[in-house]
Structure formats: C-alpha cells, structure tokens
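Notes to accompany the following structure.
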Amino acid sequence: MDSRKKRLILLVNFGILLGFVVVVLGAFTRLADAGLGCPDWPGCYGFFSVPESIAEIAEAEKRFPNALVESEKAWPEMIHRYFAGCLGLLILSIAWLSFRFSKLDSTFNRSNTAKLSYILLLLVICQAAFGMWTVTLKLWPQIVTVHLLGGFMTLVVLWLIRLKLVASGIEAETVARTHVLSKNFGLKVHARLGLAVLLLQIALGGWTTSNYAALACPDFPTCQNEMWPKMDIVQGFNVLQTLGPNYLGGLMSSHARIAIHVMHRVGAMVTFIVILTLGVRMLMFGRQAGVNRFAVVVMLVLLVVQLSLGVANVLFSVPLTVATMHNGVGVLLLLAVVSVNSRYVPTNQFGFPGRGGAA
C-alpha cells in the first residue's frame with residue numbers, strides 16, 4: 001500500500017477517535033453547566049488558558065466584571081476547545097492529503113472521498129463559528145442544538161470517508177457489499193427511515209438539554225405521576241426565542257419543559273421500534289444477501305444500551321456520568337446506523353473479527 005494512503009487512513013482513524021472525544025467533552029461541558037465557563041472566545045477571560053493566579057484572576061475580573069471566575073467550570077470549556085482545535089487541524093490535513101491524492105489517483109478521485117473531505121472541512125469551520133456563538137449568544141438553545149448536531153455530523157462524515165477508503169480497497173482487501181439494500185426496496189426505505197428518525201431524536205435530545213428539560217419528568221414511565229401530563233407544546237418547541245438573555249439554566253416554563261421531555265420520550269420509543277425492526281429484518285436476510293451481521297448486532301446492542309441509559313437518566317436524576325455516556329453511546333449508535341445504510345461495510349470495521357459479509 002502506498003505510504004501516503006497509509007497516512008491518510010491513519011489520520012482518518014485518529015480523526016474518528018478525536019472527534020468522539022470532542023463530542024463527549026462537549027456533552028460533559030454542557031451537562032456540567034460549564035458552557036459559559038469562559039465568557040469570551042476563543043480565549044478565556046482574555047487569556048489562552050484559565051486564569052488561576054491572583055494577578056490573573058484580578059485582571060480577568062477587571063476585563064469581565066459581570067462574570068465570576070470559576071476555574072472548575074472554565075477548565076472543561078477550555079479543554080474542549082483545545083481538543084476541538086486539534087481536530088480542526090487534523091481535518092485540514094485530511095482535506096489537504098485528499099486534494100493531493102485526487103490529483104494523482106483517478107480511482108481515488110472517482111470514489112468522491114476528496115469531496116467528502118472538503119465537506120468535512122467546511123463543516124468543522126461552521127462548528128467553530130457555532131462554538132463561538134454558543135458563548136457570545138449565551139447558550140441560545142437554537143445555537144446549542146445545532147452545535148450538538150454539527151459535532152455528530154462531523155463524526156458521521158469522518159466515518160463515511162473511512163468506509164469509502166475501505167470500499168476503494170485502500171485499507172483492506174476484503175470488503176462486504178451490502179447488496180441487500182439495493183435488492184430490497186422496502187428494506188432500503190426502512191434503513192433510511194431509521195437513520196432519519198435517529199437524527200430527529202438526536203435533535204430532540206439536543207433541544208432537551210439546551211432547554212434544561214431533562215429533569216422535567218422525575219418519574220418513569222409516568223411523568224409528574226401522569227401518563228400524559230399537562231404540557232405546553234407550542235412554547236416548548238418555539239424556535240423563535242429572543243436573542244439577548246442568558247439561557248444558562250433555561251427560561252421556559254415547567255409545562256413547556258415537560259412537553260420537550262415527553263416528546264423526547266415518545267421519540268425514543270419510536271426510534272427504538274424502527275431500528276429494532278430494521279435490525280431484525282436485516283438479520284433475517286442472512287449472510288447470503290450480503291448483510292454484515294456483525295454491524296447489525298452492534299447496532300442493536302447500542303440501541304438497547306442507549307435506551308437503558310435514557311431510563312437511568314430519569315431514575316437517577318441525570319447523573320453527570322450517565323448523561324455523558326448517553327451522548328457518547330448516541331453518537332456510536334448513529335455511526336452504526338450509518339454503516340448499515342452504507343453500500344459498503346467492511347467485515348472488520350469495528351476492529352474485531354467480523355463474520356458478516358457477502359457469501
């Protein structure tokens with residue numbers, strides 16, 4: 001294998017790992033109420049690090065008299081920014097190498113991998129802007145939700161690039177073509193539906209956390225001791241909230257937050273049913289149809305774990321560890337659903353011996 005292609009594969013694999021860390025760190029920062037740990041961007045109180053000495057804290061208070069210096073909240077925010085910055089530089093390198101390969105290798109160019117890398121670069125630039133607006137607009141829920149989705153989509157595009165590299169024979173000689181989706185139109189529609197429903201549920205999850213509605217229903221399976229409590233759906237899903245206020249802690253009424261939480265629960269059940277039935281149907285086709293059984297099983301396991309973490313969040317009042325894991329498993333589930341939707345799925349894409357593949 002060409003050494004330059006090996007470097008690209010290594011960069012993409014490392015980018016996936018780093019992207020996952022960035023998503024988890026972002027979730028931790030948001031859930032720990034540290035999103036405004038630094039009142040400015042990209043620095044922190046005008047410094048490139050968190051002010052900690054007496055002189056630095058005095059200077060920070062002078063620059064931002066209305067923002068109390070809280071190192072325990074500023075550090076998670078800055079660590080997230082450091083990792084996000086490293087990811088941005090890595091993605092720039094991936095785009096540059098892809099551009100070089102597209103000029104030297106016509107096969108690589110036809111695989112559209114270079115185009116995906118350019119989309120990835122544009123996406124990470126947008127993510128940087130949304131990261132800035134998250135702070136400058138004081139956690140405006142619309143921006144926070146889009147920023148969360150952008151992080152997930154960054155990982156998805158990185159994952160698609162990896163699948164493309166595998167499919168083009170750069171990384172592995174054995175690649176399983178999932179013919180089943182092209183042969184069965186109904187199953188293909190089901191797979192696309194599963195992906196769409198999951199993306200909508202992730203957006204609902206982002207809207208739930210950005211409006212601090214996770215604790216709106218402290219009981220399960222009921223909410224406020226009712227199966228269908230009083231709620232304000234119109235206000236809960238009002239995306240025209242005014243700019244200007246500090247949204248830390250949320251500004252919606254309790255009935256609006258209940259509406260958001262209940263809709264997220266409904267979305268979770270719909271997502272579970274759609275993806276569960278998709279996995280069962282794909283397994284029923286078996287290896288002779290080109291189904292990567294390993295990828296499907298991983299998808300189903302992640303689905304069950306994700307639902308369990310969601311229930312645990314309610315029963316244990318959204319502990320930070322469980323809530324962060326809920327975000328991490330959510331992005332892994334998204335990558336698994338993207339994989340089963342992909343035309344090409346490597347037999348060993350998760351790093352373990354897989355038995356899936358075309359017969």
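Letters A, B, ... go to the chains of the structure tokens in the order shown; residues in each chain start at 1; ligands are counted from 1 in the same order.
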Shell around A:Asn327 at 12 Å using only C-alpha atoms, local window under 6 positions removed, as a ChimeraX atom specification
/A:20-31,148-149,151-152,201-203,205-206,209,302,305-307,309-310,313,320-321,333-334
Leaving out stretch 216-221 of chain A and any residue of its chain fewer than 3 positions from it, which residues lie within 6 Å of it when counting only C-alpha atoms, given as an MDAnalysis selection string?
chainID A and resid 213 224 257:258 314
Got time to write the residues from that selection, C-alpha atoms, as an mmCIF file, in the first residue's frame?
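Contents of the output file selection.cif:
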```cif
data_model
loop_
_atom_site.group_PDB
_atom_site.id
_atom_site.type_symbol
_atom_site.label_atom_id
_atom_site.label_comp_id
_atom_site.auth_asym_id
_atom_site.auth_seq_id
_atom_site.Cartn_x
_atom_site.Cartn_y
_atom_site.Cartn_z
ATOM 1 C CA ALA A 213 -35.752 19.844 30.330
ATOM 2 C CA GLN A 224 -45.350 14.014 37.017
ATOM 3 C CA ARG A 257 -40.110 21.717 29.556
ATOM 4 C CA ILE A 258 -42.449 18.837 30.288
ATOM 5 C CA VAL A 314 -34.631 9.765 34.666
#
```
Report as a ChimeraX atom specification: the residues of stretch 65-233 of chain A with a DSSP assignment of strand (DSSP E or B), based on the backbone of this structure.
/A:175-177,223,226
Go ahead and write the residues just picked, N, CA and C atoms, as a PDB file, in the first residue's frame.
```pdb
ATOM      1  N   VAL A 175     -13.896  -6.617   1.411  1.00  0.00           N
ATOM      2  CA  VAL A 175     -14.951  -5.665   1.712  1.00  0.00           C
ATOM      3  C   VAL A 175     -16.283  -6.308   1.374  1.00  0.00           C
ATOM      4  N   ALA A 176     -17.238  -6.160   2.276  1.00  0.00           N
ATOM      5  CA  ALA A 176     -18.558  -6.753   2.052  1.00  0.00           C
ATOM      6  C   ALA A 176     -19.485  -5.721   1.443  1.00  0.00           C
ATOM      7  N   ARG A 177     -20.039  -6.031   0.304  1.00  0.00           N
ATOM      8  CA  ARG A 177     -21.025  -5.155  -0.317  1.00  0.00           C
ATOM      9  C   ARG A 177     -22.401  -5.529   0.219  1.00  0.00           C
ATOM     10  N   CYS A 223     -44.941  10.652  33.924  1.00  0.00           N
ATOM     11  CA  CYS A 223     -44.283  11.964  34.015  1.00  0.00           C
ATOM     12  C   CYS A 223     -45.147  12.827  34.906  1.00  0.00           C
ATOM     13  N   GLU A 226     -48.332  11.133  35.880  1.00  0.00           N
ATOM     14  CA  GLU A 226     -49.385  11.007  34.882  1.00  0.00           C
ATOM     15  C   GLU A 226     -48.796  10.428  33.607  1.00  0.00           C
TER      16      GLU A 226
END
```
If we count only C-alpha atoms and set the cut-off at 6 Å, which residues sit around A:Ile161, ignoring sequence neighbours fewer than 3 positions away in its own chain? Please answer as a ChimeraX atom specification.
/A:113,158,164
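Distance annotation: of A:Gly328, A:Pro65, A:Gly236, A:Gly15, the residue with the minimal separation from A:Val157 is A:Gly15; atom set is only C-alpha atoms.
Restricting the calculation to only C-alpha atoms, the smallest distance between A:Gln127 and any of A:Ser308, A:Thr154, A:Ser253, A:Asn66 is found for A:Thr154.
Considering only C-alpha atoms, the residue among A:Leu300, A:Leu251, A:Ile260, A:Val337 positioned nearest to A:Leu139 is A:Leu251.
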